[in-house]
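Student: Submitted below is the structure of interest, expressed as structure tokens.
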Amino acid sequence: MFDGSGFEGAGWLVVWPVLIPLLGAALAAAAWGRERTQATISIVVLGAQFISAAVLFDHVWSHGVVAMSMGGWPAPFGIALAADPFGAFLTVVGSLVALAVVAHSLGATDAEHRRAGFFPLILALMAGVAGAFLTSDIFNLYVWFEVTLISSFGLIVLGGRREQIDGAVKYAFLNLIATTLLLIAIGLLYGLTGTLNMADLSGAVAALPQDSTLETVGLLFLVSLGMKAALFPLYFWLPAAYHTPLPTVSAIFAALLTKVGVYALIRVFMVVFPDSAHLAREAMIWVAVATMVLGALGALAESDIRRFVSFTVVSGVGVMVGGLAIGTEAAFLGTIFYIVHSIIVSAALFIAAGMIASAGNATRIEDLAGLYKRAPYLSVAFLIVGLSLAGVPPLAGFWPKVYLVQAGLEAGSTILVVGILLSGFLTLLAVGRAFALIFWRAAPEDAPTPPAPEFGNLVKGSLGALAALTFLIGLYSAPVVKASTRAAADLLAPDAYIEAVLGAPRAVTASDDPVLGKEVTE
Amino acid sequence: MLLAGVLAPFVLAVFAPTVKRVAGPATGWLLALLPAALTVYFAQFIGTVSSGGTITFSTPWVSDLSIHLSFYVDGLSLLFALLISGIGTFIVLYAATYLAKHADLGRFLMFILMFMGSMLGLVLADNVVTLFVFWELTSITSFLLIGFNHASPRSRRAALQALVVTGGGGLALLAGLLLMAQAGGSMELSTLLQSGDLLRDHPHYLAILILVLMGAFTKSAQAPFHFWLPNAMEAPTPVSAYLHSATMVKAGVYLLARVNPGLGGTEIWQTVLVAFGAVTFLIGAVLAIRNTDLKLMLAQTTVASLGLLVFLIGLGEEVALEAAMAYLFAHSLFKGALFMAAGSVDHGTGTREITRLSGLGKAMPITFAAAALAAVSMSGLPPFIGFIAKEWVYKATMGDFWPLAITGVAILGNALMFAVALLVGFKPFLGRQSETPKHPHEGGPGLWLGPVTLAALGLLAGLFNGLSGGLLVGPAVWAVAGEQVSVDLYLWGGFKTPLFLSLATIALGIVLLWRSRAISSTLAATFDRMWGPDRGYDQFLDLLIGTARTVTARLQTGTLRHYLLVTMLIVAAVLLLPVAQMGDLDITFRIPATDFYIFGIAALALAGGFSIAVFRSRLIAILSMGVLGVAVALVFLLFSAPDLAFTQLMVETLSVVILALVIARLPIYRSDWRGWPRAVRDSIIAGAVGVGFTLLLLSITSRTLDLALSEYFAARSYTEAYGRNIVNVILVDFRALDTFGEIAVVVIAGVAVLSLLAMGGRSLAGAGRAPDSAPDSAPDSAVTGKETS
């Protein structure tokens, strides 16, 4: 069954990135009220998650897909966790950025908020994210969605200001609808195929008649996952909510939650529906282009600094899904690179937005001024991150756009090319305008000059690290390109993934149990 | 080594502020060593290049996608590289003196050096992506430099305007370059441009051309994008002299010259370039004489010169390309010198208003000398290189392409330039000394060394025209023409048409000069009221932001009800459209006749659902929902899932009790009746969703379910998992991970509620009606998950 890649028990590698933060969450919850201890636990746990993800990625890179079926029940009967280069890569980047954001929170978030459930919830969220990236079972994917949703819901109300509650209500309602729709879609798909494992579904769906029922189920997946990913016209919940929680919470949401939705869209449409759900695919390119352009327009229209960032996140989702809609290898290369870039930049932007708001003592771009002099460090970081967001070379955001434009030209998809360039233009304008107003503009003379903001080393360092990361990836993008290329190639040839999942080794070894021992020989 | 040459300015840029702190007054001299060294470095290629050779360098950058960091030195890039590093040397010196007292001089020099590296990279790049990277970097550094006086709103506006115009054009250029690379099958310009008619005959030729031209025209300020360049004069003078006259704004011209062998020579190329170039030439020249600010006058003549260059490249004949390269060379020298001289005048007197300046020749003799020499070159008088360039322009306009019209344009434009050149170069220095805000004085050598050298070079290049033609202009022409042609510049071409045209130009120019005051005020009176693209830019931005606001306000209304409505509409559409479109609904509806009481349960469920919709009281709605839930529990019971039925009953009971309690305790409306019109609309949408799901479900249940999983579970539930209740075994063994996740969900929900409560005493107190929705939703989600697993 297990084709012996790597070492005995290599399958366990896929379990740790999920299990470690979940255990950490329990540990942190047990240390309720002891904020120092919780902070230490969180940093250690996220560090461990990052290391375990890195080890997993390294193993996947050299030995191919790692899969492991839980409880010893082979897929498709039991649930198998599986990591291919795509999932493993995102887990690595996600946990690294989460580490940076949590490090930032140690210096930035008010102690009283931290004393409440902040740390356990963040860790639970990270478990959900990693679980979603690493499961091969579509119902189990739904479960991880719920884990992230419920932890995010706990996080979004931390602070308890009125507008937070308002944002949280919209966030919860709309996301619950999306989750429910996803559940219905999964149920219907099970009704059609009798299986839940994505690798198994791949063959089962291909054998189905291409009729309106299958098309509808495909569309339901697009709607439910698209809502999670914040696609037009169902992205309302994101700009309605992301500006309300603590800045660090927004940062981690923006970095990871929509990406989980995009990831799931890619996984479902590449593994489950590689050659079906044509209506959903046709709709996807339009939806994607509308999302990128309307998101960028939203950013241009906004005057609240954090809502401005929220809309740029929406716009980015459109870019990623645009690559999926094209579906060629070059397009996936661009999409995967863009996901990685967007994880880094979204987190950095929300962190920066939080620092801007606290340095300028205002949240409206119109009310902010004079930070060029008062917070030069912040202005450099914001400029780098903002320009990277707009896709200006030689920063990281430039490269995925090049690949996507190239893919769009090769595939003859003018609409995608126009969408990407137009949204890039609008974003550049929005970022340039925000920079000119917030940083360049001098504070009014009669206004009392608040003292220069004092940010701690962790606060500055984490933003600096993220900005440096997007800068360095821009200068030398080869490693990310290499990883993305590999991930894209594997996505387009899912056989290895399917084979590995359906022949996954089992968490319980044969020798443990005489009954199971027989099972192995089947 | 080429790579090091391009990267060195960036490296030095990082240390510029430190150098400034340490070196103090010597900063300029120290930092100028690098561009000086680069000039020498590039000069050593002259030998190879002028004998027809090229120098290349390439290293993989993003290895997987044929994106190389590759550079290529031929006549064209060498001419540019020498101008960039050579003029850059004096600019660094000049800036360090000009802004000596400015607190942010270090930052300024950092930006200037970054720009220098970007510009060098741009002109040396061989790979199209490399070229684009540096292209955008020049836009960004230009943005930072124009906005250097960031407290001034005009500076900020000009900086953003330049970014929007050149950045927007840049995006078009990216698409154009990639499309060109795709059509030509290579990312390297050196390969692409040698592919003969491949690009010109390609079906995408027109698209490539339009996109590339958008990039070039915005960067090189061609009409109707010419407005950003004069506004960019908000930047300190060293920036105007360097970026916005001698180098960056020529990037578009460079690009056109560069791609000429591959894209040029077609009818559309010729027509578009000549037309846009000619219009820009005239607009720039007219606006130059209209202005009275020294820098603005010079800026407008830059616009005009860029137009002239585009126009010449568009003509495309050998002699036109010779004219273009000669003029480009001449222009960089005289315009750099004049800008710096104008800056020195500003620096020395405190004003740039030409009407207020006269008689400075005594106080500022060196600046006067430099300005005069440069102005004579610009006006096109012998024996300067500017004269030769102008002669060649006339030779070029007499070709086959609309000779009369374009010769007329050239005479008019050149005459205007003649007048402006003499105004700028002589008016401030001659006559009686005027009153100025500052006592006029000559600046230090940092200020005059640059203008004097550049102006002198203009004279020397004209005198030693064999050298400048053979070593610099000629090889550049080869690169643009795509073949080695013999270039022979000379001052005296005999009594031929170009000479007579030159004489006509001078005569017209003198008339214009004589009446310049009147012309200027007439033009000002006309233009200042007229709509222009600069105002158009504001209108465009207002329109764009206005549209953005309207669209966003429409979509992001802030009302949850609206969001839910749209969501449900989409769901209804998704459910009904495919089946309506494909019309392949295939339902075999089997009613289990034996279980007649199923109808009773269905009636119960329907009654529950109906009363939720119809009754206005919230309490009744909650109870009805309970009824609906009980009906579902009964269905579970009938289909032999007693544990599910039990769970469902428990959940329903608890929900009703809790919701009723919450409603009783909170001061919220007891009814949320929405009025008939909305009720009908919402019912239709809800009905559509319901019908859609029903049809879908029927269609799926009409098929035979693959029971492989159930059979597997049934077979192994007792024998291997030791449990008789299959549902339980599924939950705790076969799919234990799901249950594990769901338990986690419940625990996390608990943590979330706990943290809400932990803060609740303090911050939730004033939150109004917020708590009614927040805490319930959390456990609700856990329930949703559990019911169905």
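Letters A, B, ... mark the chains of the structure tokens in the order given; residue numbers begin at 1 per chain; ligand numbers begin at 1, in order shown.
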Report as a VMD selection string all protein, DNA and RNA residues lying within 9 Å of Phe145 (chain A), evaluated on only C-alpha atoms, omitting residues in the same chain fewer than 5 positions from it.

Tutor: chain A and resid 128 to 129 131 to 132 140 150 179 260 to 261

Student: Grab the residues selected above and save them as a short mmCIF file (atom, residue, chain, number, x, y, z; two decimals), in the first residue's frame with N, CA and C atoms.

Tutor:
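Written output follows (part.cif):
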```cif
data_model
loop_
_atom_site.label_atom_id
_atom_site.label_comp_id
_atom_site.auth_asym_id
_atom_site.auth_seq_id
_atom_site.Cartn_x
_atom_site.Cartn_y
_atom_site.Cartn_z
N GLY A 128 -7.56 24.91 12.05
CA GLY A 128 -8.58 24.79 11.02
C GLY A 128 -8.01 25.08 9.64
N VAL A 129 -7.16 26.09 9.56
CA VAL A 129 -6.57 26.45 8.27
C VAL A 129 -5.70 25.31 7.74
N GLY A 131 -5.84 22.21 8.63
CA GLY A 131 -6.68 21.06 8.33
C GLY A 131 -7.31 21.18 6.96
N ALA A 132 -7.78 22.39 6.63
CA ALA A 132 -8.39 22.59 5.32
C ALA A 132 -7.36 22.39 4.21
N ASN A 140 -14.69 16.38 5.52
CA ASN A 140 -13.73 16.81 6.52
C ASN A 140 -13.28 18.25 6.26
N ILE A 150 -15.73 29.24 13.41
CA ILE A 150 -16.12 29.48 14.80
C ILE A 150 -15.01 30.19 15.56
N THR A 179 -21.52 28.27 4.65
CA THR A 179 -21.16 26.96 5.17
C THR A 179 -22.29 25.97 4.95
N VAL A 260 -8.16 30.19 2.24
CA VAL A 260 -8.69 28.85 2.43
C VAL A 260 -9.83 28.62 1.44
N GLY A 261 -10.66 29.63 1.26
CA GLY A 261 -11.74 29.52 0.28
C GLY A 261 -11.20 29.31 -1.13
#
```

Student: Within 10 Å of Thr191 (chain B), counting only C-alpha atoms, which residues show up once you throw out same-chain ones fewer than 3 positions away? Write them as an mmCIF file with N, CA and C atoms, in the first residue's frame, please.

Tutor:
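Contents of result-v3.cif, as written:
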```cif
data_model
loop_
_atom_site.group_PDB
_atom_site.id
_atom_site.type_symbol
_atom_site.label_atom_id
_atom_site.label_comp_id
_atom_site.auth_asym_id
_atom_site.auth_seq_id
_atom_site.Cartn_x
_atom_site.Cartn_y
_atom_site.Cartn_z
ATOM 1 N N ASP B 126 17.938 43.764 -22.127
ATOM 2 C CA ASP B 126 17.685 42.989 -23.338
ATOM 3 C C ASP B 126 16.377 42.222 -23.191
ATOM 4 N N ASN B 127 16.172 41.647 -22.029
ATOM 5 C CA ASN B 127 14.950 40.898 -21.765
ATOM 6 C C ASN B 127 13.780 41.872 -21.569
ATOM 7 N N ALA B 181 6.570 39.372 -27.059
ATOM 8 C CA ALA B 181 7.451 38.236 -26.798
ATOM 9 C C ALA B 181 6.790 36.942 -27.256
ATOM 10 N N GLY B 184 6.776 36.864 -31.069
ATOM 11 C CA GLY B 184 8.091 36.670 -31.657
ATOM 12 C C GLY B 184 8.809 35.441 -31.135
ATOM 13 N N GLY B 185 8.235 34.807 -30.116
ATOM 14 C CA GLY B 185 8.821 33.579 -29.614
ATOM 15 C C GLY B 185 10.099 33.769 -28.816
ATOM 16 N N SER B 186 10.320 34.964 -28.302
ATOM 17 C CA SER B 186 11.507 35.169 -27.471
ATOM 18 C C SER B 186 11.258 36.309 -26.515
ATOM 19 N N MET B 187 11.935 36.242 -25.378
ATOM 20 C CA MET B 187 11.832 37.324 -24.404
ATOM 21 C C MET B 187 12.940 38.340 -24.608
ATOM 22 N N GLU B 188 13.928 37.991 -25.436
ATOM 23 C CA GLU B 188 15.088 38.870 -25.586
ATOM 24 C C GLU B 188 14.868 39.804 -26.765
ATOM 25 N N GLN B 194 15.425 40.951 -34.476
ATOM 26 C CA GLN B 194 16.084 40.481 -35.689
ATOM 27 C C GLN B 194 15.196 39.518 -36.458
ATOM 28 N N SER B 195 13.950 39.401 -36.016
ATOM 29 C CA SER B 195 13.111 38.387 -36.652
ATOM 30 C C SER B 195 12.400 38.919 -37.892
ATOM 31 N N GLY B 262 11.710 46.033 -35.317
ATOM 32 C CA GLY B 262 10.717 44.959 -35.313
ATOM 33 C C GLY B 262 9.312 45.435 -35.630
#
```

Student: Mind giving me the straight-line distance from CA of Gly226 (chain A) to CA of Leu99 (chain A) in Å, one decimal?

Tutor: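 Interatomic distance here is 26.9 Å.
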
Student: As a list of chain:residue names, could you give me every residue of chain B near chain A (at most 6 Å apart, counting only C-alpha atoms)?

Tutor: B:Val62, B:Val133, B:His150, B:Ala151, B:Gly168, B:Leu171, B:Ile545, B:Ala548, B:Arg549, B:Thr552, B:Leu575, B:Pro578, B:Val579, B:Asp706, B:Leu709, B:Phe734, B:Arg735, B:Asp738, B:Val745, B:Ala752, B:Ser755, B:Ser763, B:Leu764, B:Ala767, B:Ala770, B:Ala774

Student: Tell me which protein, DNA and RNA residues are within 9 Å of Ala573 (chain B), counting only C-alpha atoms, leaving out same-chain ones fewer than 4 positions away, and put them as a PyMOL selection string.

Tutor: chain B and resi 568-569+577-578+688-689+692

Student: Store the residues of this selection in a file with C-alpha atoms, as a PDB file, in the first residue's frame.

Tutor:
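So out_10.pdb came out as:
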```pdb
ATOM      1  CA  MET B 568     -30.605  34.006  -1.965  1.00  0.00           C
ATOM      2  CA  LEU B 569     -31.198  35.412  -5.439  1.00  0.00           C
ATOM      3  CA  LEU B 577     -30.951  28.276 -14.481  1.00  0.00           C
ATOM      4  CA  PRO B 578     -29.018  25.126 -15.452  1.00  0.00           C
ATOM      5  CA  ALA B 688     -37.627  29.701  -5.884  1.00  0.00           C
ATOM      6  CA  VAL B 689     -34.818  28.489  -3.657  1.00  0.00           C
ATOM      7  CA  GLY B 692     -34.815  24.554  -6.800  1.00  0.00           C
TER       8      GLY B 692
END
```

Student: As JSON, numbers by chain, please: every residue in region 317-444 of chain A that DSSP puts in helix (DSSP H, G or I).

Tutor: {"A": [317, 318, 319, 320, 321, 322, 323, 324, 325, 326, 329, 330, 331, 332, 333, 334, 335, 336, 337, 338, 339, 340, 341, 342, 343, 344, 345, 346, 347, 348, 349, 350, 351, 352, 353, 354, 355, 356, 357, 358, 359, 360, 365, 366, 367, 371, 372, 373, 374, 376, 377, 378, 379, 380, 381, 382, 383, 384, 385, 386, 387, 388, 389, 398, 399, 400, 401, 402, 403, 404, 405, 406, 407, 408, 409, 410, 414, 415, 416, 417, 418, 419, 420, 421, 422, 423, 424, 425, 426, 427, 428, 429, 430, 431, 432, 433, 434, 435, 436, 437, 438, 439, 440]}

Student: Any idea what the distance is between CA of Gly408 (chain B) and CA of Val473 (chain B)?

Tutor: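 Taking CA of Gly408 (chain B) and CA of Val473 (chain B), their separation equals 25.9 Å.
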
Student: Please list as JSON, numbers by chain every residue within 8 Å of Ile285 (chain A), counting only C-alpha atoms and excluding residues in the same chain fewer than 3 positions away.

Tutor: {"A": [281, 282, 288, 289, 321, 322, 325, 326, 416]}

Student: Looking at only C-alpha atoms, which of A:Tyr242, A:Phe119, A:Tyr497, A:Phe308 is the one that sits closest to Gln38 (chain A)?

Tutor: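 Of all the options, A:Phe119 lies closest to Gln38 (chain A).
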
Student: Which residues are near region 461-463 of chain B? Cut-off 8 Å, only C-alpha atoms, ignore same chain within fewer than 3 positions. Put them as a PyMOL selection string.

Tutor: chain B and resi 382-388+457-458+467-468+491

Student: Now that the selection is made, can you save its residues with C-alpha atoms as a JSON list (two decimals), in the first residue's frame?

Tutor:
```json
[["chain", "number", "residue", "atom", "x", "y", "z"],
["B", 382, "PRO", "CA", 26.11, 76.94, -36.11],
["B", 383, "PRO", "CA", 28.57, 75.64, -35.18],
["B", 384, "PHE", "CA", 26.75, 73.78, -32.41],
["B", 385, "ILE", "CA", 25.48, 70.23, -32.53],
["B", 386, "GLY", "CA", 21.97, 71.68, -32.31],
["B", 387, "PHE", "CA", 22.49, 73.25, -35.72],
["B", 388, "ILE", "CA", 23.47, 69.96, -37.29],
["B", 457, "LEU", "CA", 30.18, 69.68, -25.04],
["B", 458, "GLY", "CA", 27.37, 70.90, -27.29],
["B", 467, "LEU", "CA", 33.85, 62.17, -33.92],
["B", 468, "SER", "CA", 30.40, 62.68, -32.45],
["B", 491, "LEU", "CA", 28.16, 71.58, -40.50]]
```

Student: Quick check, in Å to one decimal: how far apart do CA of Ala82 (chain A) and CA of Gly9 (chain A) lie?

Tutor: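 We find that CA of Ala82 (chain A) and CA of Gly9 (chain A) lie 13.5 Å from each other.
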
Student: Show me, as a list in words, the residues that have an atom within 8 Å of Trp16 (chain A) when counting only C-alpha atoms, minus same-chain residues fewer than 3 positions from it.

Tutor: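 In the requested form, the answer reads Trp12, Leu13, Leu19, Ile20, Gln49, Ser52 and Ala53 of chain A.
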
Student: Considering only C-alpha atoms, return as a VMD selection string whatever protein or nucleic-acid residues lie within 7 Å of region 39-46 of chain A, sequence-local ones (same chain, fewer than 4 positions apart) excluded.

Tutor: chain A and resid 20 to 21 24 28 35 50 95 99 119 123

Student: Keeping N, CA and C atoms for every residue in the selection just given, could you write it to a file as a PDB file, in the first residue's frame?

Tutor:
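Saved as again_33.pdb:
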```pdb
ATOM      1  N   ILE A  20      -0.677  19.953  16.100  1.00  0.00           N
ATOM      2  CA  ILE A  20       0.100  20.802  17.014  1.00  0.00           C
ATOM      3  C   ILE A  20      -0.696  22.044  17.446  1.00  0.00           C
ATOM      4  N   PRO A  21      -1.240  22.823  16.502  1.00  0.00           N
ATOM      5  CA  PRO A  21      -1.975  24.006  16.973  1.00  0.00           C
ATOM      6  C   PRO A  21      -3.257  23.654  17.728  1.00  0.00           C
ATOM      7  N   GLY A  24      -2.168  22.935  21.048  1.00  0.00           N
ATOM      8  CA  GLY A  24      -1.744  24.222  21.593  1.00  0.00           C
ATOM      9  C   GLY A  24      -2.930  25.054  22.027  1.00  0.00           C
ATOM     10  N   ALA A  28      -3.462  26.473  25.623  1.00  0.00           N
ATOM     11  CA  ALA A  28      -3.606  27.913  25.865  1.00  0.00           C
ATOM     12  C   ALA A  28      -4.916  28.192  26.591  1.00  0.00           C
ATOM     13  N   GLU A  35      -1.705  35.475  30.807  1.00  0.00           N
ATOM     14  CA  GLU A  35      -1.425  35.934  29.467  1.00  0.00           C
ATOM     15  C   GLU A  35       0.002  35.635  29.020  1.00  0.00           C
ATOM     16  N   PHE A  50       5.079  25.804  12.109  1.00  0.00           N
ATOM     17  CA  PHE A  50       5.857  26.197  10.936  1.00  0.00           C
ATOM     18  C   PHE A  50       6.926  25.149  10.629  1.00  0.00           C
ATOM     19  N   SER A  95       1.631  29.400   8.094  1.00  0.00           N
ATOM     20  CA  SER A  95       2.053  29.358   9.495  1.00  0.00           C
ATOM     21  C   SER A  95       3.170  30.361   9.755  1.00  0.00           C
ATOM     22  N   LEU A  99       2.860  33.362  12.467  1.00  0.00           N
ATOM     23  CA  LEU A  99       3.872  33.579  13.499  1.00  0.00           C
ATOM     24  C   LEU A  99       4.237  35.057  13.577  1.00  0.00           C
ATOM     25  N   PHE A 119      -5.447  34.022  22.335  1.00  0.00           N
ATOM     26  CA  PHE A 119      -4.454  33.015  21.945  1.00  0.00           C
ATOM     27  C   PHE A 119      -5.076  31.661  21.599  1.00  0.00           C
ATOM     28  N   LEU A 123      -4.900  29.940  17.790  1.00  0.00           N
ATOM     29  CA  LEU A 123      -4.307  28.615  17.546  1.00  0.00           C
ATOM     30  C   LEU A 123      -5.342  27.674  16.932  1.00  0.00           C
TER      31      LEU A 123
END
```
